[in-house]
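To start, the structure under review is shown below, and the notes come after it.
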Protein chains: 2
Amino acid sequence: MEIVDLIAAIPLFNGLPRPHLEELAMIALSQRVKRGQIIFADGDEGTGFYVLTAGRVKIFKLSPDGKEHILHIMPPGEPFGEVAVFAGEAFPAYAEAIEDGYALFFPRAAFIELIITNPSLSMNMMAILSRRLRKFAATIEALSLKEVPGRLADHLLYLSSEGGQKEWLTLDISKNQLASLMGTIPETLSRILARMVKEGLIETSGHRNIRIIDRDGLEGLAAGDVRL
Amino acid sequence: MEIVDLIAAIPLFNGLPRPHLEELAMIALSQRVKRGQIIFADGDEGTGFYVLTAGRVKIFKLSPDGKEHILHIMPPGEPFGEVAVFAGEAFPAYAEAIEDGYALFFPRAAFIELIITNPSLSMNMMAILSRRLRKFAATIEALSLKEVPGRLADHLLYLSSEGGQKEWLTLDISKNQLASLMGTIPETLSRILARMVKEGLIETSGHRNIRIIDRDGLEGLAAGDVRL
DNA sequence: CGTGCGCTTGACTTTTTTCAATAAAGGTGG
DNA sequence: CCACCTTTATTGAAAAAAGTCAAGCGCACG
């Protein structure tokens with residue numbers, strides 16, 4: 001596919017006039033990323049940002065003793081690393097591909113140039129940053145107000161709302177990663193999933209498929225008025 | 001003081017040409033806020049955003065059972081509620097004044113107008129959003145990777161780096177609020193502070209003054225390689 | 001066909017919360 | 001200015017939640 005078309009399909013660039021899309025295509029560098037590849041590391045100089053066009057990337061931080069916490073799982077189309085571009089600082093976290101795919105790299109200077117001349121691009125950008133901020137706020141709230149079962153219930157309900165009307169949800173990440181995304185460890189996640197099954201809230205099949213049986217029960221858990 | 005001068009002093013509006021500042025002054029509404037006053041509530045329609053010119057405001061979320069978690073304590077000069085403006089959604093949290101003060105309100109439409117015509121304003125805005133995102137990411141990391149003593153140590157070191165070279169730190173918020181800001185409860189905070197005193201890491205005087213005695217010790221705690 | 005990684009489970013420890021009681025501080029009205 | 005009342009802070013004891021360590025299973029991949 002032409003780079004221009006890839007770019008036109010990115011939400012961040014919605015509403016940009018064709019000439020600007022072409023300009024972007026000129027400065028964008030497309031690169032292959034392989035599963036396990038570190039795209040940038042915490043502390044690296046932020047010389048630009050990335051947009052994934054295929055595959056998936058995890059954004060995570062590392063604690064001093066090596067434990068990792070996943071902040072985001074980026075699907076194709078989402079920009080990442082752009083915070084460094086605007087804050088004018090280093091990348092604030094690691095980015096690692098968890099599937100083979102492709103990413104476009106946009107160098108900082110050229111992008112800023114474009115922003116300055118294009119209000120609709122900056123509105124898009126601000127909307128994306130704002131949405132992300134809102135999501136982070138929700139995460140912080142969940143981490144500090146809810147226990148793991150509540151956070152897990154939240155996440156399952158979210159997956160089911162995203163995933164269409166399908167009867168069964170399929171986890172698209174490993175349980176290790178899911179645990180990290182929810183601020184806990186695999187053992188705890190495993191136990192709570194087992195408890196949810198025993199309580200008749202959900203049913204599982206294989207390692208990655210979950211069916212919600214008692215939606216109300218999960219909602220009660222997520223809201224914190226019931227306890228597992 | 002003239003509204004224009006108040007506005008000129010706000011970092012968000014750094015670098016704006018005088019005519020634009022005057023335009024802002026035209027649309028800004030200055031209002032008094034009293035301690036305890038709710039400026040906006042979670043779910044209220046986001047018709048604009050605020051910048052504090054005096055006093056302090058807490059931004060918080062409420063859990064279904066009424067527990068609150070503080071996301072930010074806003075000092076004068078910081079915009080808040082702007083996420084709703086760009087995301088085009090309702091306010092995502094509560095804002096309540098914790099001191100008497102004054103706030104400027106900027107209606108959404110007029111502000112967007114201004115952004116569109118002024119690249120340097122949008123760059124400022126994006127830098128602020130980015131910084132905030134970065135701070136949230138750090139909070140999330142701390143909440144999911146560190147125990148309360150580590151988070152508290154972090155915070156104390158942060159306060160001491162902010163607060164100039166003063167020997168004694170003064171907490172500018174109540175311990176209830178501090179506990180909430182760190183994702184715990186007052187009892188736990190109190191106990192951990194007491195332990196830090198016993199271990200000779202800090203010294204306290206009155207309810208709001210803390211002196212760091214063993215900085216290295218605190219740093220070890222914050223990094224997670226020591227345990228209290 | 002074995003090796004390794006992801007997942008699960010058990011026993012145990014640590015951390016944090018909950019509940020309850022008390023003490024100190026701060027503001028208000030007489 | 002002082003007594004009173006509400007809010008804020010501290011402490012103890014017990015319960016709950018989550019984390020650690022260790023062992024074992026199963027499936028994919030070389």
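Residues in the structure tokens are numbered from 1 in each chain, the chains being A, B, ... in the order shown, and ligands are numbered from 1 in the order shown.
Every residue of chain A that lies within 12 Å of chain D is listed here, counting only C-alpha atoms (C1' of nucleotides): Lys146, Glu147, Val148, Pro149, Gly183, Thr184, Ile185, Pro186, Glu187, Thr188, Leu189, Arg191, Ile192, Gly206, His207, Arg227 and Leu228 of chain A.
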Output file for the selection above: C-alpha atoms, as an mmCIF file, in the first residue's frame:
```
data_model
loop_
_atom_site.group_PDB
_atom_site.id
_atom_site.type_symbol
_atom_site.label_atom_id
_atom_site.label_comp_id
_atom_site.auth_asym_id
_atom_site.auth_seq_id
_atom_site.Cartn_x
_atom_site.Cartn_y
_atom_site.Cartn_z
ATOM 1 C CA LYS A 146 -10.640 -0.836 43.591
ATOM 2 C CA GLU A 147 -9.222 -4.190 44.389
ATOM 3 C CA VAL A 148 -8.037 -6.556 41.739
ATOM 4 C CA PRO A 149 -11.406 -8.333 41.293
ATOM 5 C CA GLY A 183 -1.303 -3.721 38.227
ATOM 6 C CA THR A 184 -1.000 -7.181 39.677
ATOM 7 C CA ILE A 185 0.879 -10.439 39.145
ATOM 8 C CA PRO A 186 -0.058 -13.543 37.175
ATOM 9 C CA GLU A 187 -0.684 -15.677 40.269
ATOM 10 C CA THR A 188 -3.234 -13.282 41.681
ATOM 11 C CA LEU A 189 -4.936 -12.898 38.331
ATOM 12 C CA ARG A 191 -6.698 -17.096 41.393
ATOM 13 C CA ILE A 192 -9.292 -14.406 40.883
ATOM 14 C CA GLY A 206 -8.748 -22.834 26.794
ATOM 15 C CA HIS A 207 -6.350 -20.183 28.007
ATOM 16 C CA ARG A 227 -17.164 -8.482 47.073
ATOM 17 C CA LEU A 228 -15.823 -11.666 45.609
#
```
Set out as a Markdown table a contact list for chain B and chain A with a cut-off of 8 Å, giving each residue of chain B that qualifies its closest atom pair and distance in Å to one decimal, counting only C-alpha atoms, ordered by chain and rising residue number.
```
| residue | atom | partner | partner_atom | distance |
| --- | --- | --- | --- | --- |
| B:Lys61 | CA | A:Glu141 | CA | 6.9 |
| B:Ser63 | CA | A:Leu145 | CA | 6.8 |
| B:Pro64 | CA | A:Ala223 | CA | 6.1 |
| B:Asp65 | CA | A:Asp225 | CA | 7.3 |
| B:Lys67 | CA | A:Leu145 | CA | 7.5 |
| B:His69 | CA | A:Glu141 | CA | 6.6 |
| B:Leu71 | CA | A:Ala137 | CA | 7.3 |
| B:Val83 | CA | A:Ser130 | CA | 4.9 |
| B:Ala84 | CA | A:Ser130 | CA | 7.6 |
| B:Phe86 | CA | A:Ala127 | CA | 4.8 |
| B:Ala87 | CA | A:Ala127 | CA | 4.8 |
| B:Gly88 | CA | A:Ala127 | CA | 7.9 |
| B:Pro92 | CA | A:Arg134 | CA | 6.8 |
| B:Ile115 | CA | A:Pro119 | CA | 7.4 |
| B:Ile116 | CA | A:Pro119 | CA | 4.9 |
| B:Thr117 | CA | A:Pro119 | CA | 7.3 |
| B:Pro119 | CA | A:Ile116 | CA | 4.9 |
| B:Ser120 | CA | A:Ile116 | CA | 7.5 |
| B:Ser122 | CA | A:Ser122 | CA | 6.7 |
| B:Met123 | CA | A:Phe86 | CA | 7.3 |
| B:Met125 | CA | A:Met126 | CA | 7.9 |
| B:Met126 | CA | A:Phe86 | CA | 6.2 |
| B:Ala127 | CA | A:Ala87 | CA | 4.8 |
| B:Ile128 | CA | A:Ala87 | CA | 7.5 |
| B:Leu129 | CA | A:Leu129 | CA | 6.5 |
| B:Ser130 | CA | A:Val83 | CA | 4.9 |
| B:Arg131 | CA | A:Ala87 | CA | 5.9 |
| B:Arg132 | CA | A:Leu133 | CA | 7.7 |
| B:Leu133 | CA | A:Leu133 | CA | 5.8 |
| B:Arg134 | CA | A:Pro92 | CA | 6.8 |
| B:Phe136 | CA | A:Phe136 | CA | 6.5 |
| B:Ala137 | CA | A:Leu71 | CA | 7.3 |
| B:Thr139 | CA | A:Ile140 | CA | 7.4 |
| B:Ile140 | CA | A:Ile140 | CA | 5.9 |
| B:Glu141 | CA | A:His69 | CA | 6.6 |
| B:Leu143 | CA | A:Leu143 | CA | 6.8 |
| B:Ser144 | CA | A:Gly183 | CA | 4.7 |
| B:Leu145 | CA | A:Ser63 | CA | 6.9 |
| B:Gly183 | CA | A:Ser144 | CA | 4.7 |
| B:Thr184 | CA | A:Ser144 | CA | 7.0 |
| B:Ala223 | CA | A:Pro64 | CA | 6.1 |
| B:Gly224 | CA | A:Pro64 | CA | 6.9 |
| B:Asp225 | CA | A:Asp65 | CA | 7.4 |
```
- Any idea what's packed within 10 Å of Ile98 of chain B, counting only C-alpha atoms (C1' of nucleotides), ignoring anything in its chain fewer than 2 positions away? Could you give it as a PyMOL selection string? chain B and resi 33-38+55-58+73-74+95-96+100-101+173
Go ahead and dump the residues you just picked, C-alpha atoms, as a PDB file, in the first residue's frame.
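Printed below is result-v2.pdb as written:
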```pdb
ATOM      1  CA  VAL B  33     -14.171  30.492  44.604  1.00  0.00           C
ATOM      2  CA  LYS B  34     -14.614  29.682  48.250  1.00  0.00           C
ATOM      3  CA  ARG B  35     -13.037  26.830  50.157  1.00  0.00           C
ATOM      4  CA  GLY B  36     -15.244  23.788  49.756  1.00  0.00           C
ATOM      5  CA  GLN B  37     -16.972  25.064  46.646  1.00  0.00           C
ATOM      6  CA  ILE B  38     -17.460  22.536  43.856  1.00  0.00           C
ATOM      7  CA  GLY B  55      -5.990  29.594  45.848  1.00  0.00           C
ATOM      8  CA  ARG B  56      -5.814  25.862  45.321  1.00  0.00           C
ATOM      9  CA  VAL B  57      -8.141  23.291  43.806  1.00  0.00           C
ATOM     10  CA  LYS B  58      -8.300  19.552  44.148  1.00  0.00           C
ATOM     11  CA  ILE B  73      -3.793  19.428  43.546  1.00  0.00           C
ATOM     12  CA  MET B  74      -3.791  22.411  41.210  1.00  0.00           C
ATOM     13  CA  ALA B  95     -12.970  20.063  40.995  1.00  0.00           C
ATOM     14  CA  GLU B  96     -13.276  21.558  44.459  1.00  0.00           C
ATOM     15  CA  ASP B 100     -10.470  30.617  48.923  1.00  0.00           C
ATOM     16  CA  GLY B 101      -9.267  32.052  45.645  1.00  0.00           C
ATOM     17  CA  ILE B 173      -2.430  19.771  52.218  1.00  0.00           C
TER      18      ILE B 173
END
```
- Task: Write out as a PyMOL selection string every residue belonging to chain C that has an atom at most 8 Å from any atom of chain A, counting only C-alpha atoms (C1' of nucleotides).
- Result: chain C and resi 6-8
- Task: Take atom CA of Phe106 of chain B and atom CA of Leu16 of chain A and report the distance between them in Å, one decimal.
- Result: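 Between atom CA of Phe106 of chain B and atom CA of Leu16 of chain A the gap is 27.1 Å.
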- Message: Applying 12 Å and only C-alpha atoms (C1' of nucleotides), which residues near segment 198-202 of chain B remain after dropping the ones on its own chain fewer than 2 positions away? List them as number ranges by chain.
- Response: B: 149, 152-153, 156-157, 167-169, 191-196, 204-205, 209-221, 227-228
File of the preceding selection, N, CA and C atoms, as an mmCIF file, in the first residue's frame:
```cif
data_model
loop_
_atom_site.group_PDB
_atom_site.id
_atom_site.type_symbol
_atom_site.label_atom_id
_atom_site.label_comp_id
_atom_site.auth_asym_id
_atom_site.auth_seq_id
_atom_site.Cartn_x
_atom_site.Cartn_y
_atom_site.Cartn_z
ATOM 1 N N PRO B 149 5.189 2.907 51.405
ATOM 2 C CA PRO B 149 6.401 3.607 51.851
ATOM 3 C C PRO B 149 7.216 4.152 50.685
ATOM 4 N N LEU B 152 5.462 7.219 49.308
ATOM 5 C CA LEU B 152 5.604 8.349 50.227
ATOM 6 C C LEU B 152 7.010 8.929 50.148
ATOM 7 N N ALA B 153 8.005 8.052 50.121
ATOM 8 C CA ALA B 153 9.387 8.516 50.014
ATOM 9 C C ALA B 153 9.556 9.352 48.750
ATOM 10 N N LEU B 156 8.006 12.765 49.269
ATOM 11 C CA LEU B 156 8.781 13.636 50.141
ATOM 12 C C LEU B 156 9.996 14.189 49.408
ATOM 13 N N LEU B 157 10.647 13.327 48.658
ATOM 14 C CA LEU B 157 11.810 13.786 47.908
ATOM 15 C C LEU B 157 11.386 14.817 46.865
ATOM 16 N N GLU B 167 15.207 23.761 55.003
ATOM 17 C CA GLU B 167 15.491 22.634 55.894
ATOM 18 C C GLU B 167 14.234 21.794 56.117
ATOM 19 N N TRP B 168 13.148 22.486 56.471
ATOM 20 C CA TRP B 168 11.900 21.797 56.783
ATOM 21 C C TRP B 168 10.904 21.900 55.646
ATOM 22 N N LEU B 169 10.299 20.770 55.308
ATOM 23 C CA LEU B 169 9.200 20.788 54.344
ATOM 24 C C LEU B 169 7.912 21.090 55.079
ATOM 25 N N ARG B 191 0.822 5.581 60.060
ATOM 26 C CA ARG B 191 1.707 4.525 60.550
ATOM 27 C C ARG B 191 3.052 4.573 59.859
ATOM 28 N N ILE B 192 3.034 4.779 58.548
ATOM 29 C CA ILE B 192 4.288 4.730 57.808
ATOM 30 C C ILE B 192 5.158 5.927 58.138
ATOM 31 N N LEU B 193 4.516 7.065 58.314
ATOM 32 C CA LEU B 193 5.259 8.251 58.747
ATOM 33 C C LEU B 193 5.908 7.964 60.096
ATOM 34 N N ALA B 194 5.144 7.342 60.981
ATOM 35 C CA ALA B 194 5.675 7.025 62.304
ATOM 36 C C ALA B 194 6.883 6.088 62.188
ATOM 37 N N ARG B 195 6.775 5.102 61.291
ATOM 38 C CA ARG B 195 7.892 4.171 61.126
ATOM 39 C C ARG B 195 9.117 4.884 60.573
ATOM 40 N N MET B 196 8.876 5.820 59.641
ATOM 41 C CA MET B 196 10.002 6.555 59.071
ATOM 42 C C MET B 196 10.725 7.363 60.145
ATOM 43 N N THR B 204 9.564 14.936 62.468
ATOM 44 C CA THR B 204 8.366 15.741 62.250
ATOM 45 C C THR B 204 8.211 16.743 63.382
ATOM 46 N N SER B 205 7.447 17.775 63.085
ATOM 47 C CA SER B 205 7.182 18.797 64.086
ATOM 48 C C SER B 205 5.819 19.363 63.776
ATOM 49 N N ASN B 209 4.898 19.613 59.368
ATOM 50 C CA ASN B 209 6.285 19.911 59.043
ATOM 51 C C ASN B 209 7.137 18.650 59.133
ATOM 52 N N ILE B 210 7.957 18.481 58.119
ATOM 53 C CA ILE B 210 8.779 17.288 58.028
ATOM 54 C C ILE B 210 10.182 17.702 57.615
ATOM 55 N N ARG B 211 11.163 17.083 58.271
ATOM 56 C CA ARG B 211 12.533 17.347 57.867
ATOM 57 C C ARG B 211 13.150 16.024 57.442
ATOM 58 N N ILE B 212 13.805 16.042 56.328
ATOM 59 C CA ILE B 212 14.450 14.823 55.846
ATOM 60 C C ILE B 212 15.805 14.691 56.518
ATOM 61 N N ILE B 213 16.005 13.597 57.211
ATOM 62 C CA ILE B 213 17.287 13.374 57.880
ATOM 63 C C ILE B 213 18.177 12.486 57.034
ATOM 64 N N ASP B 214 17.615 11.362 56.604
ATOM 65 C CA ASP B 214 18.421 10.409 55.845
ATOM 66 C C ASP B 214 17.923 10.328 54.406
ATOM 67 N N ARG B 215 18.450 11.240 53.605
ATOM 68 C CA ARG B 215 17.995 11.317 52.215
ATOM 69 C C ARG B 215 18.284 10.027 51.451
ATOM 70 N N ASP B 216 19.466 9.481 51.660
ATOM 71 C CA ASP B 216 19.821 8.239 50.965
ATOM 72 C C ASP B 216 18.842 7.119 51.307
ATOM 73 N N GLY B 217 18.479 7.091 52.587
ATOM 74 C CA GLY B 217 17.534 6.070 53.009
ATOM 75 C C GLY B 217 16.216 6.202 52.273
ATOM 76 N N LEU B 218 15.737 7.421 52.176
ATOM 77 C CA LEU B 218 14.485 7.654 51.454
ATOM 78 C C LEU B 218 14.622 7.258 49.990
ATOM 79 N N GLU B 219 15.767 7.591 49.423
ATOM 80 C CA GLU B 219 15.960 7.247 48.012
ATOM 81 C C GLU B 219 15.971 5.733 47.808
ATOM 82 N N GLY B 220 16.570 5.047 48.739
ATOM 83 C CA GLY B 220 16.565 3.589 48.659
ATOM 84 C C GLY B 220 15.152 3.041 48.711
ATOM 85 N N LEU B 221 14.348 3.610 49.602
ATOM 86 C CA LEU B 221 12.950 3.208 49.722
ATOM 87 C C LEU B 221 12.196 3.461 48.420
ATOM 88 N N ARG B 227 13.590 -1.795 52.290
ATOM 89 C CA ARG B 227 12.225 -2.057 52.718
ATOM 90 C C ARG B 227 12.117 -1.516 54.126
ATOM 91 N N LEU B 228 10.975 -0.923 54.392
ATOM 92 C CA LEU B 228 10.861 -0.260 55.689
ATOM 93 C C LEU B 228 10.544 -1.255 56.782
#
```
- Message: Among segment 9-125 of chain A, which residues does DSSP mark as helix (DSSP H, G or I) when it is run on the backbone? Keep the chain and numbering as in the structure and answer as a VMD selection string.
- Response: chain A and resid 11 to 13 18 to 27 82 to 87 108 to 117 119 to 125
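Note that the spacing between atom CA of Ala103 of chain B and atom CA of Leu171 of chain B amounts to 23.0 Å.
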- Test item, strand (DSSP E or B) assignment across segment 23-159 of chain A, answer as a ChimeraX atom specification: /A:29-33,38-40,48-54,57-62,68-74,79-80,94-97,101-107
Just C-alpha atoms for this one: save the residues we selected as a PDB file, in the first residue's frame.
```
ATOM      1  CA  LEU A  29       9.926   6.541   7.594  1.00  0.00           C
ATOM      2  CA  SER A  30       8.280   3.162   7.442  1.00  0.00           C
ATOM      3  CA  GLN A  31      10.013   0.391   9.314  1.00  0.00           C
ATOM      4  CA  ARG A  32       9.406  -3.223  10.016  1.00  0.00           C
ATOM      5  CA  VAL A  33       9.153  -4.210  13.638  1.00  0.00           C
ATOM      6  CA  ILE A  38      12.425  -2.607  21.486  1.00  0.00           C
ATOM      7  CA  ILE A  39      11.294   0.392  19.458  1.00  0.00           C
ATOM      8  CA  PHE A  40      12.516   2.892  21.998  1.00  0.00           C
ATOM      9  CA  GLY A  48      10.160  11.906  16.849  1.00  0.00           C
ATOM     10  CA  PHE A  49       7.167   9.696  17.339  1.00  0.00           C
ATOM     11  CA  TYR A  50       5.660   6.573  15.866  1.00  0.00           C
ATOM     12  CA  VAL A  51       2.371   5.369  14.497  1.00  0.00           C
ATOM     13  CA  LEU A  52       1.807   1.669  14.159  1.00  0.00           C
ATOM     14  CA  THR A  53       0.322   0.528  10.862  1.00  0.00           C
ATOM     15  CA  ALA A  54       0.294  -3.184  11.626  1.00  0.00           C
ATOM     16  CA  VAL A  57       3.113  -2.611  20.714  1.00  0.00           C
ATOM     17  CA  LYS A  58       3.271  -2.540  24.477  1.00  0.00           C
ATOM     18  CA  ILE A  59       4.270   0.612  26.315  1.00  0.00           C
ATOM     19  CA  PHE A  60       5.741  -0.157  29.704  1.00  0.00           C
ATOM     20  CA  LYS A  61       7.894   1.030  32.551  1.00  0.00           C
ATOM     21  CA  LEU A  62      10.512  -0.918  34.431  1.00  0.00           C
ATOM     22  CA  GLU A  68       7.628  -4.262  34.331  1.00  0.00           C
ATOM     23  CA  HIS A  69       4.313  -2.494  34.330  1.00  0.00           C
ATOM     24  CA  ILE A  70       2.384  -2.152  31.104  1.00  0.00           C
ATOM     25  CA  LEU A  71       0.789   1.240  30.581  1.00  0.00           C
ATOM     26  CA  HIS A  72      -0.792   0.657  27.196  1.00  0.00           C
ATOM     27  CA  ILE A  73      -1.233  -1.921  24.532  1.00  0.00           C
ATOM     28  CA  MET A  74      -1.214   0.076  21.307  1.00  0.00           C
ATOM     29  CA  PRO A  79       0.450   7.330  17.816  1.00  0.00           C
ATOM     30  CA  PHE A  80       2.955   6.642  20.559  1.00  0.00           C
ATOM     31  CA  TYR A  94       9.702   1.571  26.813  1.00  0.00           C
ATOM     32  CA  ALA A  95       7.955   0.535  23.617  1.00  0.00           C
ATOM     33  CA  GLU A  96       8.250  -3.068  22.528  1.00  0.00           C
ATOM     34  CA  ALA A  97       6.490  -4.862  19.678  1.00  0.00           C
ATOM     35  CA  GLY A 101       4.226  -5.400  12.221  1.00  0.00           C
ATOM     36  CA  TYR A 102       5.088  -2.055  10.702  1.00  0.00           C
ATOM     37  CA  ALA A 103       5.509   1.406  12.160  1.00  0.00           C
ATOM     38  CA  LEU A 104       5.835   4.853  10.658  1.00  0.00           C
ATOM     39  CA  PHE A 105       8.319   7.207  12.248  1.00  0.00           C
ATOM     40  CA  PHE A 106       7.723  10.972  12.121  1.00  0.00           C
ATOM     41  CA  PRO A 107      10.738  13.136  12.914  1.00  0.00           C
TER      42      PRO A 107
END
```
